[in-house]
>>> print(open('structure.cif').read())   # mmCIF, C-alpha atoms and all ligand atoms
data_query
#
loop_
_atom_site.label_atom_id
_atom_site.label_comp_id
_atom_site.auth_asym_id
_atom_site.auth_seq_id
_atom_site.Cartn_x
_atom_site.Cartn_y
_atom_site.Cartn_z
CA ALA R 1 15.11 16.12 25.80
CA ARG R 2 13.68 12.64 26.11
CA ARG R 3 11.09 11.73 23.54
CA PRO R 4 7.49 11.45 24.71
CA ARG R 5 6.64 7.88 25.46
CA VAL R 6 3.71 6.17 23.80
CA LEU R 7 1.93 2.88 24.49
CA SER R 8 -0.48 1.16 22.16
CA GLY R 9 -1.88 -2.33 21.82
CA ILE R 10 -3.81 -4.46 19.39
CA GLN R 11 -5.83 -7.62 20.03
CA PRO R 12 -4.84 -10.92 18.48
CA THR R 13 -8.43 -11.76 17.65
CA ALA R 14 -8.29 -12.18 13.88
CA ASP R 15 -6.30 -14.28 11.44
CA SER R 16 -5.21 -11.09 9.72
CA PHE R 17 -5.24 -7.37 10.27
CA HIS R 18 -7.41 -5.51 7.80
CA LEU R 19 -6.83 -2.34 5.87
CA GLY R 20 -8.80 -0.31 8.42
CA ASN R 21 -6.50 -1.48 11.22
CA TYR R 22 -3.48 -0.60 9.16
CA LEU R 23 -4.50 2.79 7.81
CA GLY R 24 -6.40 3.81 10.94
CA ALA R 25 -3.85 2.76 13.53
CA LEU R 26 -0.86 0.60 12.70
CA ARG R 27 0.65 2.86 10.07
CA GLN R 28 0.85 5.54 12.74
CA TRP R 29 2.56 3.10 15.08
CA VAL R 30 5.30 2.80 12.51
CA ARG R 31 5.63 6.56 12.11
CA MET R 32 5.64 7.28 15.82
CA GLN R 33 8.91 5.37 16.05
CA ASP R 34 10.53 8.53 14.59
CA THR R 35 9.10 10.88 17.18
CA HIS R 36 8.31 8.86 20.30
CA GLU R 37 9.72 6.24 22.58
CA THR R 38 7.39 3.44 21.56
CA PHE R 39 5.91 0.49 23.47
CA TYR R 40 3.67 -1.75 21.40
CA CYS R 41 1.91 -4.85 22.62
CA VAL R 42 -0.23 -7.63 21.32
CA VAL R 43 -2.91 -7.61 23.99
CA ASP R 44 -3.76 -11.25 24.53
CA LEU R 45 -5.07 -10.59 28.05
CA HIS R 46 -7.71 -8.37 26.48
CA ALA R 47 -8.50 -11.02 23.90
CA ILE R 48 -9.67 -13.52 26.55
CA THR R 49 -12.44 -11.23 27.77
CA VAL R 50 -14.39 -13.25 25.24
CA GLU R 51 -13.88 -17.00 24.82
CA GLN R 52 -10.85 -18.00 22.75
CA ASP R 53 -9.65 -21.34 21.50
CA PRO R 54 -6.14 -21.74 23.02
CA LYS R 55 -4.47 -22.96 19.83
CA VAL R 56 -6.05 -20.27 17.74
CA LEU R 57 -5.14 -17.58 20.25
CA ARG R 58 -1.49 -18.70 20.37
CA GLN R 59 -1.29 -18.73 16.58
CA ARG R 60 -3.01 -15.37 16.18
CA THR R 61 -0.70 -13.81 18.75
CA ARG R 62 2.32 -14.83 16.67
CA VAL R 63 0.66 -13.84 13.41
CA SER R 64 -0.19 -10.43 14.86
CA ALA R 65 3.39 -9.89 15.97
CA ALA R 66 4.69 -11.05 12.59
CA GLN R 67 2.42 -8.55 10.84
CA LEU R 68 3.61 -5.73 13.09
CA LEU R 69 7.21 -6.56 12.26
CA ALA R 70 6.36 -6.90 8.57
CA ILE R 71 4.74 -3.46 8.31
CA GLY R 72 7.76 -1.81 9.89
CA ILE R 73 7.69 -2.03 13.66
CA ASP R 74 11.38 -2.22 14.37
CA PRO R 75 12.21 -4.24 17.50
CA GLN R 76 15.43 -2.26 17.88
CA ARG R 77 13.52 0.98 18.15
CA SER R 78 10.29 -0.20 19.77
CA ALA R 79 9.59 -2.49 22.68
CA LEU R 80 7.38 -4.99 20.85
CA PHE R 81 5.91 -7.58 23.19
CA VAL R 82 3.01 -9.80 24.13
CA GLN R 83 0.97 -8.50 27.06
CA SER R 84 0.77 -11.81 28.96
CA HIS R 85 4.57 -12.07 28.92
CA VAL R 86 4.68 -9.06 31.23
CA PRO R 87 2.85 -10.13 34.41
CA GLU R 88 2.86 -6.57 35.75
CA HIS R 89 -0.13 -5.77 33.52
CA ALA R 90 -2.41 -8.10 35.46
CA GLN R 91 -0.83 -7.10 38.77
CA LEU R 92 -1.32 -3.38 38.31
CA SER R 93 -4.77 -3.98 36.91
CA TRP R 94 -5.87 -5.52 40.22
CA VAL R 95 -4.62 -2.53 42.18
CA LEU R 96 -6.45 -0.17 39.84
CA GLU R 97 -9.63 -2.22 39.98
CA CYS R 98 -9.66 -1.62 43.70
CA GLN R 99 -9.48 2.13 43.04
CA THR R 100 -12.35 2.13 40.55
CA GLY R 101 -15.95 2.66 41.55
CA PHE R 102 -18.35 -0.03 40.46
CA GLY R 103 -20.67 2.57 39.00
CA GLU R 104 -17.77 4.31 37.33
CA ALA R 105 -16.80 1.11 35.53
CA GLY R 106 -20.44 0.50 34.69
CA ARG R 107 -20.65 3.77 32.81
CA MET R 108 -18.23 2.60 30.13
CA THR R 109 -20.31 2.61 27.00
CA GLN R 110 -18.23 0.01 25.17
CA PHE R 111 -18.99 -2.52 27.89
CA LYS R 112 -22.65 -1.63 27.78
CA ASP R 113 -22.72 -2.10 24.01
CA LYS R 114 -20.79 -5.36 23.99
CA SER R 115 -22.58 -6.92 26.94
CA ALA R 116 -25.95 -5.89 25.55
CA LYS R 117 -25.07 -7.93 22.47
CA GLN R 118 -23.86 -10.95 24.45
CA GLY R 119 -26.31 -10.93 27.35
CA SER R 120 -25.16 -10.28 30.91
CA ASP R 121 -24.61 -13.93 31.85
CA ARG R 122 -22.50 -14.55 28.79
CA SER R 123 -20.32 -11.47 29.18
CA SER R 124 -17.41 -11.99 31.54
CA VAL R 125 -16.38 -9.84 34.49
CA GLY R 126 -13.17 -9.40 32.50
CA LEU R 127 -15.12 -7.64 29.79
CA PHE R 128 -16.45 -5.34 32.51
CA THR R 129 -12.99 -4.55 33.88
CA TYR R 130 -11.34 -4.38 30.44
CA PRO R 131 -10.93 -0.57 30.54
CA ILE R 132 -9.12 -0.89 33.87
CA LEU R 133 -6.66 -3.36 32.39
CA GLN R 134 -6.23 -0.88 29.59
CA ALA R 135 -5.45 1.80 32.17
CA ALA R 136 -2.85 -0.52 33.68
CA ASP R 137 -1.30 -1.09 30.24
CA ILE R 138 -0.78 2.62 29.81
CA LEU R 139 0.16 3.65 33.34
CA LEU R 140 2.73 0.86 33.73
CA TYR R 141 4.90 2.52 31.10
CA GLN R 142 4.39 6.05 32.35
CA ALA R 143 3.17 6.83 28.85
CA ASP R 144 2.88 10.50 28.01
CA ALA R 145 0.66 9.85 25.05
CA VAL R 146 -1.83 7.30 23.83
CA PRO R 147 -3.04 7.30 20.25
CA VAL R 148 -6.81 7.19 20.46
CA GLY R 149 -9.70 6.96 18.11
CA GLU R 150 -13.14 8.27 19.07
CA ASP R 151 -14.19 4.84 20.42
CA GLN R 152 -11.38 4.82 22.99
CA ARG R 153 -11.74 8.34 24.35
CA GLN R 154 -13.86 7.34 27.32
CA HIS R 155 -11.37 4.66 28.30
CA LEU R 156 -8.50 7.12 28.18
CA GLU R 157 -10.51 9.49 30.38
CA LEU R 158 -10.88 6.68 32.92
CA THR R 159 -7.13 6.06 32.74
CA ARG R 160 -6.47 9.72 33.44
CA ASP R 161 -8.95 9.76 36.33
CA LEU R 162 -7.39 6.67 37.88
CA ALA R 163 -3.88 8.08 37.55
CA GLN R 164 -4.87 11.41 39.08
CA ARG R 165 -6.83 9.77 41.89
CA PHE R 166 -3.96 7.48 42.80
CA ASN R 167 -1.43 10.31 42.64
CA ASN R 168 -3.62 12.51 44.85
CA ARG R 169 -4.30 9.84 47.44
CA LEU R 170 -0.96 8.13 47.69
CA GLY R 171 1.62 10.42 46.13
CA LYS R 172 2.85 11.02 42.62
CA THR R 173 3.19 7.62 41.00
CA PHE R 174 1.84 7.78 37.45
CA VAL R 175 2.25 10.06 34.49
CA VAL R 176 -1.21 11.28 33.49
CA PRO R 177 -1.34 10.47 29.77
CA GLU R 178 -2.61 12.79 27.09
CA PRO R 179 -4.59 11.65 24.07
CA TYR R 180 -2.49 11.73 20.93
CA ILE R 181 -4.82 12.59 18.12
CA ILE R 182 -3.18 11.64 14.89
CA LYS R 183 -3.85 14.11 12.13
CA ASP R 184 -3.63 12.12 8.96
CA THR R 185 -5.28 9.00 10.28
CA ALA R 186 -7.77 7.55 7.87
CA LYS R 187 -11.13 6.03 8.64
CA ILE R 188 -11.69 3.23 6.18
CA TYR R 189 -15.15 2.08 5.18
CA ASP R 190 -16.58 -1.23 4.11
CA LEU R 191 -16.12 -1.68 0.34
CA GLN R 192 -19.64 -3.01 -0.03
CA ASP R 193 -21.26 -0.59 2.39
CA PRO R 194 -19.18 2.59 2.34
CA THR R 195 -21.24 4.23 5.07
CA SER R 196 -20.17 1.75 7.75
CA LYS R 197 -16.59 1.26 8.88
CA MET R 198 -14.53 -1.64 7.69
CA SER R 199 -14.52 -4.07 10.59
CA LYS R 200 -13.59 -7.68 11.18
CA SER R 201 -16.81 -8.33 13.02
CA ALA R 202 -19.31 -6.23 11.07
CA SER R 203 -18.07 -6.27 7.48
CA THR R 204 -19.11 -8.91 4.98
CA ALA R 205 -16.24 -10.88 3.39
CA ASN R 206 -16.28 -8.74 0.25
CA GLY R 207 -16.34 -5.49 2.18
CA LEU R 208 -13.19 -6.32 4.15
CA VAL R 209 -9.64 -6.23 2.79
CA GLU R 210 -7.30 -8.39 4.83
CA LEU R 211 -3.54 -8.02 4.80
CA LEU R 212 -2.96 -11.77 4.71
CA GLU R 213 -5.59 -12.90 2.23
CA ASP R 214 -4.67 -13.78 -1.35
CA PRO R 215 -3.82 -10.36 -2.86
CA LYS R 216 -5.65 -11.32 -6.06
CA ARG R 217 -8.76 -11.71 -3.97
CA SER R 218 -8.23 -8.25 -2.45
CA ALA R 219 -7.80 -6.73 -5.92
CA LYS R 220 -11.03 -8.38 -6.99
CA LYS R 221 -12.85 -7.01 -3.95
CA ILE R 222 -11.52 -3.55 -4.75
CA ARG R 223 -12.62 -3.86 -8.38
CA SER R 224 -16.12 -4.78 -7.21
CA ALA R 225 -16.34 -2.06 -4.54
CA VAL R 226 -19.69 -0.28 -4.39
CA THR R 227 -19.65 3.16 -6.02
CA ASP R 228 -22.41 5.53 -7.05
CA THR R 229 -23.90 5.86 -10.52
CA GLY R 230 -21.88 8.98 -11.37
CA ARG R 231 -18.67 8.95 -13.37
CA GLU R 232 -16.36 11.58 -12.02
CA VAL R 233 -13.56 10.56 -9.69
CA VAL R 234 -13.84 13.27 -7.06
CA PHE R 235 -13.68 13.17 -3.29
CA ASP R 236 -17.11 13.86 -1.80
CA ALA R 237 -17.61 11.85 1.37
CA GLU R 238 -21.28 12.71 1.61
CA ASN R 239 -22.47 12.05 -1.91
CA LYS R 240 -19.77 9.71 -3.17
CA ALA R 241 -18.90 7.64 -0.13
CA GLY R 242 -17.62 4.67 -2.13
CA VAL R 243 -15.35 6.65 -4.44
CA SER R 244 -14.13 8.78 -1.55
CA ASN R 245 -13.23 5.67 0.44
CA LEU R 246 -11.24 4.32 -2.51
CA LEU R 247 -9.44 7.65 -2.88
CA THR R 248 -8.61 7.68 0.83
CA ILE R 249 -7.13 4.20 0.58
CA TYR R 250 -5.27 4.98 -2.63
CA SER R 251 -3.82 8.17 -1.25
CA ALA R 252 -2.74 6.52 2.00
CA LEU R 253 -1.08 3.56 0.28
CA THR R 254 0.76 5.55 -2.35
CA GLU R 255 1.33 8.85 -0.50
CA ARG R 256 -0.18 10.67 -3.49
CA THR R 257 -2.52 13.45 -2.40
CA ILE R 258 -6.24 13.23 -3.12
CA PRO R 259 -6.17 16.31 -5.43
CA ASP R 260 -3.32 14.63 -7.34
CA LEU R 261 -5.39 11.51 -7.74
CA GLU R 262 -8.48 13.47 -8.78
CA ALA R 263 -6.40 15.20 -11.44
CA ALA R 264 -4.90 11.92 -12.61
CA TYR R 265 -8.36 10.38 -13.08
CA GLU R 266 -9.95 13.32 -14.81
CA GLY R 267 -11.67 11.99 -17.91
CA LYS R 268 -11.30 8.41 -16.69
CA GLY R 269 -13.91 6.31 -14.90
CA TYR R 270 -14.40 4.45 -11.63
CA GLY R 271 -13.29 1.23 -13.34
CA ASP R 272 -9.83 2.68 -13.99
CA LEU R 273 -9.52 3.87 -10.42
CA LYS R 274 -10.51 0.50 -9.00
CA LYS R 275 -8.24 -1.45 -11.30
CA ASP R 276 -5.24 0.75 -10.49
CA LEU R 277 -5.96 0.74 -6.77
CA GLY R 278 -6.26 -3.04 -6.85
CA GLU R 279 -2.82 -3.21 -8.45
CA ALA R 280 -1.34 -0.66 -6.05
CA PHE R 281 -2.67 -2.72 -3.16
CA VAL R 282 -1.11 -5.89 -4.52
CA ASP R 283 2.23 -4.11 -4.98
CA TRP R 284 2.09 -2.80 -1.46
CA VAL R 285 0.93 -5.95 0.31
CA THR R 286 3.04 -8.58 -1.49
CA PRO R 287 6.36 -7.76 0.21
CA ILE R 288 4.53 -7.47 3.54
CA GLN R 289 3.12 -10.96 3.09
CA ASP R 290 6.58 -12.25 2.19
CA ARG R 291 7.99 -10.82 5.39
CA VAL R 292 5.14 -12.23 7.50
CA LYS R 293 5.79 -15.63 5.99
CA SER R 294 9.49 -15.50 6.77
CA TYR R 295 8.81 -14.52 10.39
CA LEU R 296 6.33 -17.38 10.73
CA ASP R 297 8.72 -19.82 9.08
CA ASP R 298 11.10 -19.26 11.99
CA VAL R 299 8.89 -19.19 15.05
CA THR R 300 11.87 -19.74 17.35
CA GLU R 301 13.42 -16.50 16.15
CA LEU R 302 10.08 -14.70 16.33
CA ASP R 303 9.60 -15.86 19.91
CA LYS R 304 13.10 -14.61 20.72
CA VAL R 305 12.27 -11.17 19.37
CA LEU R 306 9.12 -11.11 21.50
CA ALA R 307 10.96 -12.34 24.59
CA ALA R 308 13.50 -9.55 24.17
CA GLY R 309 10.64 -7.07 23.78
CA ALA R 310 9.01 -8.34 26.96
CA GLU R 311 12.29 -8.02 28.83
CA ARG R 312 12.62 -4.44 27.72
CA ALA R 313 9.03 -3.72 28.69
CA ARG R 314 9.51 -5.31 32.10
CA GLU R 315 12.41 -3.03 32.90
CA VAL R 316 9.94 -0.16 32.94
CA ALA R 317 6.86 -2.05 34.10
CA SER R 318 8.52 -3.64 37.14
CA LYS R 319 9.70 -0.25 38.39
CA THR R 320 6.22 1.21 38.16
CA LEU R 321 4.69 -1.80 39.87
CA ALA R 322 7.24 -1.74 42.68
CA LYS R 323 6.55 1.92 43.32
CA THR R 324 2.81 1.30 43.24
CA TYR R 325 3.04 -1.62 45.67
CA GLN R 326 5.15 0.46 48.01
CA ARG R 327 2.57 3.26 47.95
CA ILE R 328 -0.25 0.81 48.61
CA GLY R 329 1.46 -0.65 51.68
CA PHE R 330 2.66 -3.99 50.26
P1 LIG R 401 -12.33 -4.06 14.29
O1 LIG R 401 -13.18 -2.83 14.25
O2 LIG R 401 -12.14 -4.68 12.98
O3 LIG R 401 -12.79 -5.02 15.38
P2 LIG R 401 -10.42 -3.25 16.22
O4 LIG R 401 -11.54 -2.69 16.98
O5 LIG R 401 -9.69 -4.44 16.74
O6 LIG R 401 -10.90 -3.56 14.74
O7 LIG R 401 -9.41 -2.06 15.92
C1 LIG R 401 -8.02 -2.10 16.05
C2 LIG R 401 -7.51 -0.73 15.66
O8 LIG R 401 -7.81 -0.47 14.29
C3 LIG R 401 -8.14 0.42 16.43
O9 LIG R 401 -7.15 1.39 16.69
C4 LIG R 401 -9.19 0.96 15.51
O10 LIG R 401 -9.47 2.30 15.73
C5 LIG R 401 -8.55 0.73 14.15
N1 LIG R 401 -9.57 0.51 13.13
C6 LIG R 401 -10.38 -0.57 13.04
N2 LIG R 401 -11.19 -0.47 11.98
C7 LIG R 401 -10.89 0.71 11.37
C8 LIG R 401 -11.38 1.39 10.21
N3 LIG R 401 -12.33 0.86 9.46
N4 LIG R 401 -10.83 2.57 9.87
C9 LIG R 401 -9.84 3.11 10.64
N5 LIG R 401 -9.35 2.53 11.73
C10 LIG R 401 -9.85 1.34 12.11
NA NA R 402 -13.93 -3.22 17.04
#
>>> encode(input="structure.cif", output="structure tokens")
Amino acid sequence: ARRPRVLSGIQPTADSFHLGNYLGALRQWVRMQDTHETFYCVVDLHAITVEQDPKVLRQRTRVSAAQLLAIGIDPQRSALFVQSHVPEHAQLSWVLECQTGFGEAGRMTQFKDKSAKQGSDRSSVGLFTYPILQAADILLYQADAVPVGEDQRQHLELTRDLAQRFNNRLGKTFVVPEPYIIKDTAKIYDLQDPTSKMSKSASTANGLVELLEDPKRSAKKIRSAVTDTGREVVFDAENKAGVSNLLTIYSALTERTIPDLEAAYEGKGYGDLKKDLGEAFVDWVTPIQDRVKSYLDDVTELDKVLAAGAERAREVASKTLAKTYQRIGF
């Protein structure tokens, strides 16, 4: 039987991915290559819903792709591509926009949150239609599954509604995708404020661990992570948020279970845990950084890999678009 197909994307809006991105999403991208037919894209069209400096965007797009390759996205097994290289995304998005109610789009809470922060004249229409572009991303590949966190559930619901509506009106065209809830996905918290999630926009510099920063700096941040005044290294998300966050990270990076780690640190203190985790992080990230550097040292080769990924993506995307256009009456 053919493997279920999955589509996922990440925005090139930071100079580096952070540990939350990796443990909460990207690590699963790597694993899904064993079980799914995988399409992964760097979503630069989504990035321009807020203003971007062209040079910075171009660089971050490459750096994002290099990081994906470095963590284990295999371009032989996955179609790894840049969204703007596949024009069908924008083309299908327009068709779907015309199938979406204005009020329906207006109910997307992420838009409401983001535009409330920016003010309605400063938020673009693209930010408003962002979830529809996301629907196009997914439906173009006839994806069976989409890995989703809580924050993306509403957008996936819209995607499903749009697919069903189109299929009902104009004939079966799109696979209606199911959410793929990943079991062992980790939510990573800010090292300085372990009750709020690690985030490029909301975390302070010392609360955020970036894949491409100096690993010594990361180790230092980990050693100065906020913990409670207790001593025992035990997982207790409610009362020991800081320690629990460190255990989650440690367990995810080393594949040792949390009970194993608790046992290993019995009789030791938080300082030992932080020091060891800092070292484990450095050991883990150093070869990744080396690989990122070698991809970025040969941009021509990197661009070739991405061009091949786009070609592979277009084989599927162009078929879906052609069928859609035919249904529409084009
Ligand atoms: P940020 O929150 O830093 O802006 P994004 O929203 O771009 O990150 O998230 C990209 C991906 O990384 C999403 O799949 C998101 O769910 C995941 N992610 C981001 N931060 C975390 C976190 N702290 N813990 C787990 N997953 C996260
Ligand atoms: Na975010």
>>> residues_around(input="structure.cif", residues="region 162-178 of chain R", least_positions_apart="2", cutoff="12 Å", atoms="all atoms listed in the file", output="VMD selection string")
chain R and resid 4 to 7 92 to 93 95 to 101 104 to 105 131 to 148 153 155 to 160 180 to 181 317 319 to 329
>>> residues_around(input="structure.cif", residues="Val43 (chain R)", least_positions_apart="4", cutoff="7 Å", atoms="all atoms listed in the file", output="list in words")
Gly9, Ile10, Gln11, Pro12, Ala47, Val82 and Gln83 of chain R
>>> closest_atom_pairs(input="structure.cif", of="chain R", to="ligand NA 402 (chain R)", cutoff="8 Å", atoms="all atoms listed in the file", output="JSON lines")
{"residue": "R:Ser199", "atom": "CA", "partner": "R:NA402", "partner_atom": "NA", "distance": 6.5}
{"residue": "R:Lys200", "atom": "CA", "partner": "R:NA402", "partner_atom": "NA", "distance": 7.4}
{"residue": "R:Ser201", "atom": "CA", "partner": "R:NA402", "partner_atom": "NA", "distance": 7.1}
>>> axis_aligned_box(input="structure.cif", around="ligand LIG 401 (chain R)", padding_each_side="3 Å", output="JSON")
{"center_x": -10.2, "center_y": -1.0, "center_z": 13.2, "size_x": 12.0, "size_y": 14.1, "size_z": 13.5}
>>> residues_near_ligand(input="structure.cif", ligand="ligand LIG 401 (chain R)", cutoff="8 Å", atoms="only C-alpha atoms and all ligand atoms", output="ChimeraX atom specification")
/R:10-11,13,17-26,148-152,185-190,197-202
>>> write_last_selection(input="structure.cif", atoms="C-alpha atoms", output="PDB file, in the frame of the given file")
ATOM      1  CA  ILE R  10      -3.810  -4.460  19.390  1.00  0.00           C
ATOM      2  CA  GLN R  11      -5.830  -7.620  20.030  1.00  0.00           C
ATOM      3  CA  THR R  13      -8.430 -11.760  17.650  1.00  0.00           C
ATOM      4  CA  PHE R  17      -5.240  -7.370  10.270  1.00  0.00           C
ATOM      5  CA  HIS R  18      -7.410  -5.510   7.800  1.00  0.00           C
ATOM      6  CA  LEU R  19      -6.830  -2.340   5.870  1.00  0.00           C
ATOM      7  CA  GLY R  20      -8.800  -0.310   8.420  1.00  0.00           C
ATOM      8  CA  ASN R  21      -6.500  -1.480  11.220  1.00  0.00           C
ATOM      9  CA  TYR R  22      -3.480  -0.600   9.160  1.00  0.00           C
ATOM     10  CA  LEU R  23      -4.500   2.790   7.810  1.00  0.00           C
ATOM     11  CA  GLY R  24      -6.400   3.810  10.940  1.00  0.00           C
ATOM     12  CA  ALA R  25      -3.850   2.760  13.530  1.00  0.00           C
ATOM     13  CA  LEU R  26      -0.860   0.600  12.700  1.00  0.00           C
ATOM     14  CA  VAL R 148      -6.810   7.190  20.460  1.00  0.00           C
ATOM     15  CA  GLY R 149      -9.700   6.960  18.110  1.00  0.00           C
ATOM     16  CA  GLU R 150     -13.140   8.270  19.070  1.00  0.00           C
ATOM     17  CA  ASP R 151     -14.190   4.840  20.420  1.00  0.00           C
ATOM     18  CA  GLN R 152     -11.380   4.820  22.990  1.00  0.00           C
ATOM     19  CA  THR R 185      -5.280   9.000  10.280  1.00  0.00           C
ATOM     20  CA  ALA R 186      -7.770   7.550   7.870  1.00  0.00           C
ATOM     21  CA  LYS R 187     -11.130   6.030   8.640  1.00  0.00           C
ATOM     22  CA  ILE R 188     -11.690   3.230   6.180  1.00  0.00           C
ATOM     23  CA  TYR R 189     -15.150   2.080   5.180  1.00  0.00           C
ATOM     24  CA  ASP R 190     -16.580  -1.230   4.110  1.00  0.00           C
ATOM     25  CA  LYS R 197     -16.590   1.260   8.880  1.00  0.00           C
ATOM     26  CA  MET R 198     -14.530  -1.640   7.690  1.00  0.00           C
ATOM     27  CA  SER R 199     -14.520  -4.070  10.590  1.00  0.00           C
ATOM     28  CA  LYS R 200     -13.590  -7.680  11.180  1.00  0.00           C
ATOM     29  CA  SER R 201     -16.810  -8.330  13.020  1.00  0.00           C
ATOM     30  CA  ALA R 202     -19.310  -6.230  11.070  1.00  0.00           C
TER      31      ALA R 202
END
>>> atom_distance(input="structure.cif", atom1="CA of Gln33 (chain R)", atom2="CA of Leu247 (chain R)")
26.5 Å
>>> atom_distance(input="structure.cif", atom1="CA of Lys117 (chain R)", atom2="CA of Arg58 (chain R)")
26.0 Å
>>> residues_around(input="structure.cif", residues="region 229-234 of chain R", least_positions_apart="6", cutoff="7 Å", atoms="only C-alpha atoms", output="ChimeraX atom specification")
/R:243,262,265-266,269-270
>>> decode(input="structure.cif", residues="region 29-44 of chain R", atoms="N, CA, C and O atoms", output="PDB file, in the first residue's frame")
ATOM      1  N   TRP R  29       9.488  15.665  11.664  1.00  0.00           N
ATOM      2  CA  TRP R  29       9.615  15.664  10.200  1.00  0.00           C
ATOM      3  C   TRP R  29      10.613  14.584   9.783  1.00  0.00           C
ATOM      4  O   TRP R  29      10.395  13.864   8.808  1.00  0.00           O
ATOM      5  N   VAL R  30      11.707  14.539  10.515  1.00  0.00           N
ATOM      6  CA  VAL R  30      12.754  13.566  10.191  1.00  0.00           C
ATOM      7  C   VAL R  30      12.195  12.145  10.334  1.00  0.00           C
ATOM      8  O   VAL R  30      12.347  11.306   9.452  1.00  0.00           O
ATOM      9  N   ARG R  31      11.520  11.904  11.434  1.00  0.00           N
ATOM     10  CA  ARG R  31      10.988  10.550  11.691  1.00  0.00           C
ATOM     11  C   ARG R  31       9.920  10.135  10.699  1.00  0.00           C
ATOM     12  O   ARG R  31       9.818   8.972  10.341  1.00  0.00           O
ATOM     13  N   MET R  32       9.104  11.087  10.291  1.00  0.00           N
ATOM     14  CA  MET R  32       8.002  10.741   9.381  1.00  0.00           C
ATOM     15  C   MET R  32       8.513  10.253   8.023  1.00  0.00           C
ATOM     16  O   MET R  32       7.757   9.658   7.266  1.00  0.00           O
ATOM     17  N   GLN R  33       9.774  10.505   7.761  1.00  0.00           N
ATOM     18  CA  GLN R  33      10.347   9.992   6.500  1.00  0.00           C
ATOM     19  C   GLN R  33      10.327   8.464   6.462  1.00  0.00           C
ATOM     20  O   GLN R  33      10.393   7.866   5.392  1.00  0.00           O
ATOM     21  N   ASP R  34      10.260   7.827   7.643  1.00  0.00           N
ATOM     22  CA  ASP R  34      10.221   6.358   7.706  1.00  0.00           C
ATOM     23  C   ASP R  34       8.821   5.792   7.482  1.00  0.00           C
ATOM     24  O   ASP R  34       8.670   4.612   7.189  1.00  0.00           O
ATOM     25  N   THR R  35       7.823   6.639   7.691  1.00  0.00           N
ATOM     26  CA  THR R  35       6.450   6.116   7.676  1.00  0.00           C
ATOM     27  C   THR R  35       5.555   6.768   6.624  1.00  0.00           C
ATOM     28  O   THR R  35       4.490   6.246   6.316  1.00  0.00           O
ATOM     29  N   HIS R  36       5.960   7.929   6.140  1.00  0.00           N
ATOM     30  CA  HIS R  36       5.114   8.698   5.233  1.00  0.00           C
ATOM     31  C   HIS R  36       5.855   9.056   3.955  1.00  0.00           C
ATOM     32  O   HIS R  36       7.083   9.010   3.909  1.00  0.00           O
ATOM     33  N   GLU R  37       5.075   9.441   2.967  1.00  0.00           N
ATOM     34  CA  GLU R  37       5.660  10.093   1.800  1.00  0.00           C
ATOM     35  C   GLU R  37       5.678  11.584   2.141  1.00  0.00           C
ATOM     36  O   GLU R  37       4.619  12.187   2.355  1.00  0.00           O
ATOM     37  N   THR R  38       6.856  12.162   2.224  1.00  0.00           N
ATOM     38  CA  THR R  38       6.991  13.465   2.877  1.00  0.00           C
ATOM     39  C   THR R  38       7.288  14.610   1.913  1.00  0.00           C
ATOM     40  O   THR R  38       8.203  14.528   1.089  1.00  0.00           O
ATOM     41  N   PHE R  39       6.534  15.697   2.074  1.00  0.00           N
ATOM     42  CA  PHE R  39       6.747  16.945   1.338  1.00  0.00           C
ATOM     43  C   PHE R  39       6.997  18.027   2.377  1.00  0.00           C
ATOM     44  O   PHE R  39       6.122  18.299   3.206  1.00  0.00           O
ATOM     45  N   TYR R  40       8.173  18.632   2.319  1.00  0.00           N
ATOM     46  CA  TYR R  40       8.517  19.654   3.298  1.00  0.00           C
ATOM     47  C   TYR R  40       8.924  20.935   2.595  1.00  0.00           C
ATOM     48  O   TYR R  40       9.741  20.906   1.677  1.00  0.00           O
ATOM     49  N   CYS R  41       8.334  22.047   3.024  1.00  0.00           N
ATOM     50  CA  CYS R  41       8.717  23.292   2.355  1.00  0.00           C
ATOM     51  C   CYS R  41       9.054  24.414   3.315  1.00  0.00           C
ATOM     52  O   CYS R  41       8.540  24.506   4.424  1.00  0.00           O
ATOM     53  N   VAL R  42       9.970  25.238   2.838  1.00  0.00           N
ATOM     54  CA  VAL R  42      10.315  26.474   3.524  1.00  0.00           C
ATOM     55  C   VAL R  42       9.337  27.509   2.975  1.00  0.00           C
ATOM     56  O   VAL R  42       9.370  27.828   1.778  1.00  0.00           O
ATOM     57  N   VAL R  43       8.452  27.986   3.827  1.00  0.00           N
ATOM     58  CA  VAL R  43       7.306  28.753   3.317  1.00  0.00           C
ATOM     59  C   VAL R  43       7.608  30.259   3.278  1.00  0.00           C
ATOM     60  O   VAL R  43       7.171  31.031   4.125  1.00  0.00           O
ATOM     61  N   ASP R  44       8.317  30.631   2.223  1.00  0.00           N
ATOM     62  CA  ASP R  44       8.677  32.046   2.089  1.00  0.00           C
ATOM     63  C   ASP R  44       7.486  32.912   1.689  1.00  0.00           C
ATOM     64  O   ASP R  44       7.445  34.100   2.013  1.00  0.00           O
TER      65      ASP R  44
END
